[in-house]
Amino acid sequence: MFRNRRIVAKIWKCIVGCGLIFFIVKSTIFLVGEEDKVVPKLRELKKLMIEAEHDNLKRLLTVKNTCRRYNLGTYKEPDKPTSYKHPPAPQYTVFYISRSHNLSYCPIYKAGSTTWIYNLCLLMNVPEEELNSGKEQISTIARRVIPELEYPAADEALRVTKKLLVVRHPFERLLSAYRDKLENSVAGREHGTLHFYRKYGGKIVQKYRERKFSKPREDQVIRREGEPPPAGIEPTFREFVQYLIHTDLANYGDDHWMPYYFFCTPCVVDYDVIAKVETLWRDQIYTIHKLGLQEVIKPRWQHSGGHSNASRIYFSQLSRDMVHKLYGKFKLDFDLFDYSPDIYYQFTTYF
């Protein structure tokens, strides 16, 4: 009987192990194949649209309530105090505005911006061959076919078009910006990494480098396969976070890490759709169909690659106090778009 129990236990262990392997493989396929998912059929599409519409209305209401609570933008009452410096008007020139397609988009960089700028180029009849050639950055092409508008033309266009904003967990966006622009000045120079080192990275190192933290442990960084190693002069993620904490980002920050509320001014601009990177596939389908653009563009995901454990790895360079101060710096973005910093405190290893 004891022998039979051992056999059953082995069989059960095999089943559980195989199930786990299946789950991992299935999850990996889902992540890798996200850009190749098929748009749902009519019944599933209706269900998706209802679900996305509900979430969108909830997101829009959260933004409005937060703006009222902090007394910001068009919700500001002069006799009440406010704790945030807020632009009195939108940054008109950052928007991509297409009157012919009834769409205005504010690109938050490192939050699905490549995907939507690509979509806008398709709307403007730019051939995919040109977009995929690599000869020019997609944003350069987009600005050529959708020139900047200034006041008052931009103000009028923002009033009459549907307005789209795509956000991402603020910490994930900051980490993505660091890894893409500051971590390696040698790799990715076609995307401006050397420029970012000269403008920001070198100064960050000079101001915030501490000898004992000058080189993260090997388990605190991710080295991309096939890329040359960093030159060793770049700021660490810890140093980048120190820079963010101590800098007036509204005046001295780059677009890639400027707070959402300052760059796209959701307390001034009345957005129609607020999509999230965490639900970008669904939100793309919702937005495309809501705007009646399904015959022109399809859901896609540009730059979808990544490391699922990157946050845990890089935030292990930080202390809980640093995470708390970083959260304080971007707290309004967290509140506006209903994000939480809680899990990131668990990733820290310094006190």
# chains A, B, ... in the order shown; residues from 1 in each chain; ligands from 1
call {"tool": "select_by_dssp", "arguments": {"residues": "stretch 137-337 of chain A", "states": "alpha helix (DSSP H)", "output": "PyMOL selection string"}}
result
chain A and resi 138-145+153-160+170-181+193-196+202-208+237-246+249-252+260-263+280-290+310-315+320-329+331-336
call {"tool": "residues_around", "arguments": {"residues": "stretch 289-292 of chain A", "least_positions_apart": "5", "cutoff": "12 Å", "atoms": "only C-alpha atoms", "output": "list in words"}}
result
Val39, Pro40, Leu42, Leu45, Lys46, Leu48, Met49, Ile50, Ala52, Glu53, Asn56, Ser100, His101, Asn102, Leu103, Ser104, Leu123, Thr161, Lys162, Lys163, Leu164, Asp272, Val273, Arg282, Asp283, Gln284, Ile297, Lys298 and Pro299 of chain A
call {"tool": "write_last_selection", "arguments": {"atoms": "N, CA, C and O atoms", "output": "mmCIF file, in the first residue's frame"}}
result
data_model
loop_
_atom_site.group_PDB
_atom_site.id
_atom_site.type_symbol
_atom_site.label_atom_id
_atom_site.label_comp_id
_atom_site.auth_asym_id
_atom_site.auth_seq_id
_atom_site.Cartn_x
_atom_site.Cartn_y
_atom_site.Cartn_z
ATOM 1 N N VAL A 39 -8.155 40.261 -33.926
ATOM 2 C CA VAL A 39 -9.243 41.102 -33.428
ATOM 3 C C VAL A 39 -10.473 40.225 -33.223
ATOM 4 O O VAL A 39 -10.817 39.414 -34.096
ATOM 5 N N PRO A 40 -11.150 40.323 -32.077
ATOM 6 C CA PRO A 40 -12.270 39.443 -31.787
ATOM 7 C C PRO A 40 -13.430 39.591 -32.766
ATOM 8 O O PRO A 40 -13.629 40.648 -33.362
ATOM 9 N N LEU A 42 -17.596 39.479 -33.785
ATOM 10 C CA LEU A 42 -18.634 40.434 -33.403
ATOM 11 C C LEU A 42 -19.096 40.286 -31.958
ATOM 12 O O LEU A 42 -19.129 41.263 -31.203
ATOM 13 N N LEU A 45 -16.348 41.107 -29.667
ATOM 14 C CA LEU A 45 -16.039 42.526 -29.813
ATOM 15 C C LEU A 45 -17.017 43.386 -29.015
ATOM 16 O O LEU A 45 -16.625 44.352 -28.357
ATOM 17 N N LYS A 46 -18.299 43.034 -29.069
ATOM 18 C CA LYS A 46 -19.302 43.781 -28.303
ATOM 19 C C LYS A 46 -19.015 43.704 -26.812
ATOM 20 O O LYS A 46 -19.099 44.712 -26.093
ATOM 21 N N LEU A 48 -16.079 43.138 -25.432
ATOM 22 C CA LEU A 48 -14.861 43.919 -25.197
ATOM 23 C C LEU A 48 -15.175 45.405 -25.134
ATOM 24 O O LEU A 48 -14.680 46.128 -24.255
ATOM 25 N N MET A 49 -16.000 45.879 -26.066
ATOM 26 C CA MET A 49 -16.322 47.307 -26.120
ATOM 27 C C MET A 49 -17.077 47.751 -24.863
ATOM 28 O O MET A 49 -16.833 48.833 -24.327
ATOM 29 N N ILE A 50 -17.979 46.937 -24.384
ATOM 30 C CA ILE A 50 -18.727 47.266 -23.171
ATOM 31 C C ILE A 50 -17.793 47.339 -21.974
ATOM 32 O O ILE A 50 -17.837 48.273 -21.168
ATOM 33 N N ALA A 52 -14.479 47.785 -21.994
ATOM 34 C CA ALA A 52 -13.528 48.887 -22.145
ATOM 35 C C ALA A 52 -14.212 50.237 -21.915
ATOM 36 O O ALA A 52 -13.620 51.149 -21.331
ATOM 37 N N GLU A 53 -15.450 50.368 -22.371
ATOM 38 C CA GLU A 53 -16.198 51.616 -22.167
ATOM 39 C C GLU A 53 -16.409 51.865 -20.678
ATOM 40 O O GLU A 53 -16.257 52.998 -20.193
ATOM 41 N N ASN A 56 -13.107 52.913 -19.245
ATOM 42 C CA ASN A 56 -12.736 54.254 -19.708
ATOM 43 C C ASN A 56 -13.509 55.329 -18.938
ATOM 44 O O ASN A 56 -12.936 56.335 -18.517
ATOM 45 N N SER A 100 -8.709 65.800 -39.881
ATOM 46 C CA SER A 100 -9.380 64.974 -40.887
ATOM 47 C C SER A 100 -9.815 63.626 -40.326
ATOM 48 O O SER A 100 -10.741 63.002 -40.849
ATOM 49 N N HIS A 101 -9.156 63.161 -39.247
ATOM 50 C CA HIS A 101 -9.530 61.884 -38.637
ATOM 51 C C HIS A 101 -10.138 62.067 -37.247
ATOM 52 O O HIS A 101 -10.310 61.103 -36.511
ATOM 53 N N ASN A 102 -10.410 63.334 -36.894
ATOM 54 C CA ASN A 102 -11.090 63.637 -35.636
ATOM 55 C C ASN A 102 -10.329 63.074 -34.426
ATOM 56 O O ASN A 102 -10.912 62.528 -33.499
ATOM 57 N N LEU A 103 -9.009 63.229 -34.429
ATOM 58 C CA LEU A 103 -8.197 62.642 -33.366
ATOM 59 C C LEU A 103 -7.062 63.569 -32.965
ATOM 60 O O LEU A 103 -6.344 64.098 -33.807
ATOM 61 N N SER A 104 -6.908 63.752 -31.652
ATOM 62 C CA SER A 104 -5.752 64.439 -31.074
ATOM 63 C C SER A 104 -5.114 63.502 -30.048
ATOM 64 O O SER A 104 -5.804 62.951 -29.179
ATOM 65 N N LEU A 123 -2.689 56.445 -40.621
ATOM 66 C CA LEU A 123 -3.869 57.261 -40.916
ATOM 67 C C LEU A 123 -3.558 58.337 -41.943
ATOM 68 O O LEU A 123 -4.420 58.722 -42.734
ATOM 69 N N THR A 161 -11.986 67.769 -31.592
ATOM 70 C CA THR A 161 -11.567 66.400 -31.915
ATOM 71 C C THR A 161 -11.654 65.500 -30.693
ATOM 72 O O THR A 161 -11.721 65.968 -29.549
ATOM 73 N N LYS A 162 -11.650 64.191 -30.941
ATOM 74 C CA LYS A 162 -11.563 63.215 -29.857
ATOM 75 C C LYS A 162 -10.119 63.162 -29.376
ATOM 76 O O LYS A 162 -9.182 63.114 -30.168
ATOM 77 N N LYS A 163 -9.943 63.138 -28.053
ATOM 78 C CA LYS A 163 -8.610 63.254 -27.483
ATOM 79 C C LYS A 163 -8.213 61.956 -26.791
ATOM 80 O O LYS A 163 -8.964 61.435 -25.963
ATOM 81 N N LEU A 164 -7.018 61.477 -27.138
ATOM 82 C CA LEU A 164 -6.515 60.188 -26.643
ATOM 83 C C LEU A 164 -5.277 60.391 -25.784
ATOM 84 O O LEU A 164 -4.370 61.139 -26.146
ATOM 85 N N ASP A 272 -11.112 62.119 -24.110
ATOM 86 C CA ASP A 272 -12.238 61.221 -24.397
ATOM 87 C C ASP A 272 -11.887 59.767 -24.118
ATOM 88 O O ASP A 272 -12.765 58.975 -23.746
ATOM 89 N N VAL A 273 -10.628 59.412 -24.327
ATOM 90 C CA VAL A 273 -10.180 58.041 -24.088
ATOM 91 C C VAL A 273 -8.875 58.083 -23.301
ATOM 92 O O VAL A 273 -7.930 58.777 -23.678
ATOM 93 N N ARG A 282 -6.434 45.584 -25.715
ATOM 94 C CA ARG A 282 -7.881 45.809 -25.634
ATOM 95 C C ARG A 282 -8.231 47.263 -25.877
ATOM 96 O O ARG A 282 -9.185 47.583 -26.596
ATOM 97 N N ASP A 283 -7.452 48.169 -25.275
ATOM 98 C CA ASP A 283 -7.757 49.596 -25.388
ATOM 99 C C ASP A 283 -7.535 50.120 -26.802
ATOM 100 O O ASP A 283 -8.211 51.063 -27.233
ATOM 101 N N GLN A 284 -6.595 49.524 -27.527
ATOM 102 C CA GLN A 284 -6.420 49.898 -28.930
ATOM 103 C C GLN A 284 -7.653 49.525 -29.749
ATOM 104 O O GLN A 284 -8.161 50.325 -30.538
ATOM 105 N N ILE A 297 -6.640 51.283 -39.732
ATOM 106 C CA ILE A 297 -5.551 50.768 -38.905
ATOM 107 C C ILE A 297 -6.023 49.565 -38.110
ATOM 108 O O ILE A 297 -7.225 49.344 -37.932
ATOM 109 N N LYS A 298 -5.080 48.795 -37.629
ATOM 110 C CA LYS A 298 -5.375 47.619 -36.829
ATOM 111 C C LYS A 298 -4.550 47.683 -35.548
ATOM 112 O O LYS A 298 -3.529 48.383 -35.490
ATOM 113 N N PRO A 299 -4.989 46.968 -34.504
ATOM 114 C CA PRO A 299 -4.210 46.967 -33.261
ATOM 115 C C PRO A 299 -2.811 46.408 -33.521
ATOM 116 O O PRO A 299 -2.634 45.457 -34.263
#
call {"tool": "closest_atom_pairs", "arguments": {"of": "stretch 126-187 of chain A", "to": "stretch 86-99 of chain A", "cutoff": "9 Å", "atoms": "only C-alpha atoms", "output": "Markdown table"}}
result
| residue | atom | partner | partner_atom | distance |
| --- | --- | --- | --- | --- |
| A:Ala142 | CA | A:Tyr96 | CA | 8.2 |
| A:Arg143 | CA | A:Tyr96 | CA | 7.8 |
| A:Ile146 | CA | A:Tyr96 | CA | 6.4 |
| A:Pro147 | CA | A:Tyr96 | CA | 7.7 |
| A:Glu148 | CA | A:Thr93 | CA | 5.2 |
| A:Leu149 | CA | A:Thr93 | CA | 5.9 |
| A:Glu150 | CA | A:Tyr92 | CA | 5.9 |
| A:Tyr151 | CA | A:Tyr92 | CA | 7.1 |
| A:Ala154 | CA | A:Tyr92 | CA | 6.1 |
| A:Asp155 | CA | A:Tyr92 | CA | 7.4 |
| A:Ala157 | CA | A:Arg99 | CA | 6.8 |
| A:Leu158 | CA | A:Ile97 | CA | 7.8 |
| A:Val160 | CA | A:Arg99 | CA | 8.4 |
| A:Thr161 | CA | A:Arg99 | CA | 6.7 |
| A:Lys163 | CA | A:Ile97 | CA | 8.9 |
call {"tool": "closest_residue", "arguments": {"among": "A:Arg69, A:His195, A:Arg211, A:Arg223", "to": "A:Ala310", "atoms": "only C-alpha atoms"}}
result
A:Arg223
call {"tool": "closest_atom_pairs", "arguments": {"of": "stretch 195-219 of chain A", "to": "stretch 171-180 of chain A", "cutoff": "12 Å", "atoms": "only C-alpha atoms", "output": "CSV"}}
result
residue,atom,partner,partner_atom,distance
A:Phe196,CA,A:Asp180,CA,10.0
A:Tyr197,CA,A:Tyr178,CA,10.9
A:Tyr200,CA,A:Tyr178,CA,10.9
A:Gly201,CA,A:Tyr178,CA,9.8
call {"tool": "atom_distance", "arguments": {"atom1": "atom CA of A:Ser214", "atom2": "atom CA of A:Phe240"}}
result
11.9 Å
call {"tool": "residues_around", "arguments": {"residues": "A:Lys215", "least_positions_apart": "5", "cutoff": "12 Å", "atoms": "only C-alpha atoms", "output": "ChimeraX atom specification"}}
result
/A:205,209-210,220-221,230,232-239,317
call {"tool": "write_last_selection", "arguments": {"atoms": "N, CA, C and O atoms", "output": "CSV table (one decimal), in the first residue's frame"}}
result
chain,number,residue,atom,x,y,z
A,205,VAL,N,25.9,61.4,-12.9
A,205,VAL,CA,27.0,60.7,-12.3
A,205,VAL,C,27.9,61.6,-11.4
A,205,VAL,O,28.2,61.3,-10.3
A,209,ARG,N,27.0,60.2,-7.6
A,209,ARG,CA,27.8,59.0,-7.5
A,209,ARG,C,28.3,58.8,-6.1
A,209,ARG,O,29.0,59.7,-5.6
A,210,GLU,N,28.0,57.7,-5.5
A,210,GLU,CA,28.6,57.3,-4.2
A,210,GLU,C,29.4,56.1,-4.4
A,210,GLU,O,29.0,55.1,-5.1
A,220,GLN,N,21.4,43.0,-10.1
A,220,GLN,CA,20.6,44.2,-10.0
A,220,GLN,C,20.5,44.9,-11.3
A,220,GLN,O,20.0,46.0,-11.4
A,221,VAL,N,21.0,44.3,-12.4
A,221,VAL,CA,20.9,44.8,-13.7
A,221,VAL,C,20.6,43.7,-14.7
A,221,VAL,O,20.7,42.5,-14.4
A,230,PRO,N,28.0,48.5,-21.5
A,230,PRO,CA,28.1,50.0,-21.2
A,230,PRO,C,29.5,50.4,-21.1
A,230,PRO,O,30.4,49.6,-20.7
A,232,GLY,N,30.7,52.1,-18.8
A,232,GLY,CA,31.1,52.3,-17.4
A,232,GLY,C,31.0,53.7,-16.8
A,232,GLY,O,31.3,53.9,-15.7
A,233,ILE,N,30.6,54.6,-17.7
A,233,ILE,CA,30.5,56.0,-17.3
A,233,ILE,C,29.0,56.4,-17.0
A,233,ILE,O,28.8,57.5,-16.6
A,234,GLU,N,28.1,55.5,-17.3
A,234,GLU,CA,26.7,55.8,-17.3
A,234,GLU,C,26.2,55.8,-15.8
A,234,GLU,O,26.7,55.1,-15.0
A,235,PRO,N,25.1,56.6,-15.6
A,235,PRO,CA,24.5,56.5,-14.2
A,235,PRO,C,23.8,55.2,-14.0
A,235,PRO,O,23.3,54.5,-14.9
A,236,THR,N,23.8,54.8,-12.7
A,236,THR,CA,23.1,53.6,-12.3
A,236,THR,C,21.6,54.0,-12.2
A,236,THR,O,21.3,55.2,-12.1
A,237,PHE,N,20.7,53.0,-12.0
A,237,PHE,CA,19.3,53.3,-11.8
A,237,PHE,C,19.1,54.0,-10.5
A,237,PHE,O,18.3,54.9,-10.4
A,238,ARG,N,19.9,53.7,-9.5
A,238,ARG,CA,19.9,54.3,-8.2
A,238,ARG,C,20.2,55.8,-8.4
A,238,ARG,O,19.5,56.7,-7.8
A,239,GLU,N,21.2,56.1,-9.1
A,239,GLU,CA,21.6,57.5,-9.3
A,239,GLU,C,20.6,58.3,-10.1
A,239,GLU,O,20.3,59.4,-9.8
A,317,GLN,N,18.1,48.0,-6.3
A,317,GLN,CA,19.2,49.0,-6.1
A,317,GLN,C,18.7,50.1,-5.1
A,317,GLN,O,19.6,50.8,-4.6
call {"tool": "atom_distance", "arguments": {"atom1": "atom CA of A:Lys331", "atom2": "atom CA of A:Pro259"}}
result
9.4 Å
call {"tool": "atom_distance", "arguments": {"atom1": "atom CA of A:Ser83", "atom2": "atom CA of A:Cys106"}}
result
24.6 Å
call {"tool": "residues_around", "arguments": {"residues": "stretch 332-343 of chain A", "least_positions_apart": "3", "cutoff": "8 Å", "atoms": "only C-alpha atoms", "output": "number ranges by chain"}}
result
A: 59, 62-63, 66-67, 167, 169-171, 259-261, 327, 346-347
call {"tool": "select_by_dssp", "arguments": {"residues": "stretch 26-238 of chain A", "states": "strand (DSSP E or B)", "output": "MDAnalysis selection string"}}
result
chainID A and resid 96:98 103:106 162:167
call {"tool": "write_last_selection", "arguments": {"atoms": "N, CA and C atoms", "output": "short mmCIF file (atom, residue, chain, number, x, y, z; two decimals), in the first residue's frame"}}
result
data_model
loop_
_atom_site.label_atom_id
_atom_site.label_comp_id
_atom_site.auth_asym_id
_atom_site.auth_seq_id
_atom_site.Cartn_x
_atom_site.Cartn_y
_atom_site.Cartn_z
N TYR A 96 -0.23 65.48 -31.37
CA TYR A 96 -0.42 65.14 -32.79
C TYR A 96 -1.91 65.29 -33.06
N ILE A 97 -2.25 66.26 -33.88
CA ILE A 97 -3.66 66.59 -34.11
C ILE A 97 -4.00 66.37 -35.58
N SER A 98 -4.96 65.48 -35.81
CA SER A 98 -5.44 65.22 -37.17
C SER A 98 -6.91 65.58 -37.24
N LEU A 103 -9.01 63.23 -34.43
CA LEU A 103 -8.20 62.64 -33.37
C LEU A 103 -7.06 63.57 -32.96
N SER A 104 -6.91 63.75 -31.65
CA SER A 104 -5.75 64.44 -31.07
C SER A 104 -5.11 63.50 -30.05
N TYR A 105 -3.81 63.35 -30.17
CA TYR A 105 -3.10 62.38 -29.32
C TYR A 105 -1.92 63.06 -28.63
N CYS A 106 -1.84 62.91 -27.30
CA CYS A 106 -0.70 63.42 -26.55
C CYS A 106 0.23 62.25 -26.26
N LYS A 162 -11.65 64.19 -30.94
CA LYS A 162 -11.56 63.21 -29.86
C LYS A 162 -10.12 63.16 -29.38
N LYS A 163 -9.94 63.14 -28.05
CA LYS A 163 -8.61 63.25 -27.48
C LYS A 163 -8.21 61.96 -26.79
N LEU A 164 -7.02 61.48 -27.14
CA LEU A 164 -6.51 60.19 -26.64
C LEU A 164 -5.28 60.39 -25.78
N LEU A 165 -5.25 59.70 -24.66
CA LEU A 165 -4.09 59.68 -23.78
C LEU A 165 -3.81 58.23 -23.39
N VAL A 166 -2.55 57.82 -23.46
CA VAL A 166 -2.15 56.47 -23.06
C VAL A 166 -1.15 56.60 -21.92
N VAL A 167 -1.43 55.95 -20.79
CA VAL A 167 -0.55 56.03 -19.63
C VAL A 167 -0.05 54.63 -19.25
#
call {"tool": "residues_around", "arguments": {"residues": "A:Pro81", "least_positions_apart": "2", "cutoff": "12 Å", "atoms": "only C-alpha atoms", "output": "MDAnalysis selection string"}}
result
chainID A and resid 68:72 76:79 83:85
call {"tool": "write_last_selection", "arguments": {"atoms": "N, CA and C atoms", "output": "PDB file, in the first residue's frame"}}
result
ATOM      1  N   ARG A  68     -10.214  67.874  -9.133  1.00  0.00           N
ATOM      2  CA  ARG A  68     -11.017  68.666  -8.188  1.00  0.00           C
ATOM      3  C   ARG A  68     -10.420  68.606  -6.780  1.00  0.00           C
ATOM      4  N   ARG A  69     -10.000  67.414  -6.386  1.00  0.00           N
ATOM      5  CA  ARG A  69      -9.466  67.241  -5.028  1.00  0.00           C
ATOM      6  C   ARG A  69      -8.211  68.074  -4.803  1.00  0.00           C
ATOM      7  N   TYR A  70      -7.369  68.139  -5.839  1.00  0.00           N
ATOM      8  CA  TYR A  70      -6.130  68.920  -5.713  1.00  0.00           C
ATOM      9  C   TYR A  70      -6.281  70.357  -6.204  1.00  0.00           C
ATOM     10  N   ASN A  71      -7.498  70.704  -6.658  1.00  0.00           N
ATOM     11  CA  ASN A  71      -7.795  72.080  -7.069  1.00  0.00           C
ATOM     12  C   ASN A  71      -6.880  72.523  -8.218  1.00  0.00           C
ATOM     13  N   LEU A  72      -6.941  71.789  -9.318  1.00  0.00           N
ATOM     14  CA  LEU A  72      -6.032  72.020 -10.435  1.00  0.00           C
ATOM     15  C   LEU A  72      -6.774  72.285 -11.742  1.00  0.00           C
ATOM     16  N   LYS A  76     -10.043  74.347 -10.848  1.00  0.00           N
ATOM     17  CA  LYS A  76      -9.486  75.160  -9.766  1.00  0.00           C
ATOM     18  C   LYS A  76     -10.460  76.230  -9.301  1.00  0.00           C
ATOM     19  N   GLU A  77     -10.601  76.318  -7.988  1.00  0.00           N
ATOM     20  CA  GLU A  77     -11.370  77.385  -7.361  1.00  0.00           C
ATOM     21  C   GLU A  77     -10.374  78.353  -6.726  1.00  0.00           C
ATOM     22  N   PRO A  78     -10.380  79.600  -7.141  1.00  0.00           N
ATOM     23  CA  PRO A  78      -9.340  80.568  -6.738  1.00  0.00           C
ATOM     24  C   PRO A  78      -9.164  80.718  -5.231  1.00  0.00           C
ATOM     25  N   ASP A  79     -10.237  80.548  -4.465  1.00  0.00           N
ATOM     26  CA  ASP A  79     -10.152  80.773  -3.022  1.00  0.00           C
ATOM     27  C   ASP A  79      -9.646  79.551  -2.257  1.00  0.00           C
ATOM     28  N   SER A  83      -1.494  72.328  -3.849  1.00  0.00           N
ATOM     29  CA  SER A  83      -0.123  71.953  -3.488  1.00  0.00           C
ATOM     30  C   SER A  83       0.736  71.643  -4.703  1.00  0.00           C
ATOM     31  N   TYR A  84       0.168  71.782  -5.919  1.00  0.00           N
ATOM     32  CA  TYR A  84       0.918  71.462  -7.139  1.00  0.00           C
ATOM     33  C   TYR A  84       0.973  72.659  -8.080  1.00  0.00           C
ATOM     34  N   LYS A  85       2.146  72.848  -8.649  1.00  0.00           N
ATOM     35  CA  LYS A  85       2.287  73.821  -9.729  1.00  0.00           C
ATOM     36  C   LYS A  85       1.763  73.166 -10.995  1.00  0.00           C
TER      37      LYS A  85
END
call {"tool": "residues_around", "arguments": {"residues": "A:Leu326", "least_positions_apart": "4", "cutoff": "7 Å", "atoms": "only C-alpha atoms", "output": "list in words"}}
result
Ile245, Met322 and Phe330 of chain A
call {"tool": "residues_around", "arguments": {"residues": "A:Leu194", "least_positions_apart": "4", "cutoff": "12 Å", "atoms": "only C-alpha atoms", "output": "VMD selection string"}}
result
chain A and resid 180 to 190 198 to 202 230 to 231 233 to 234
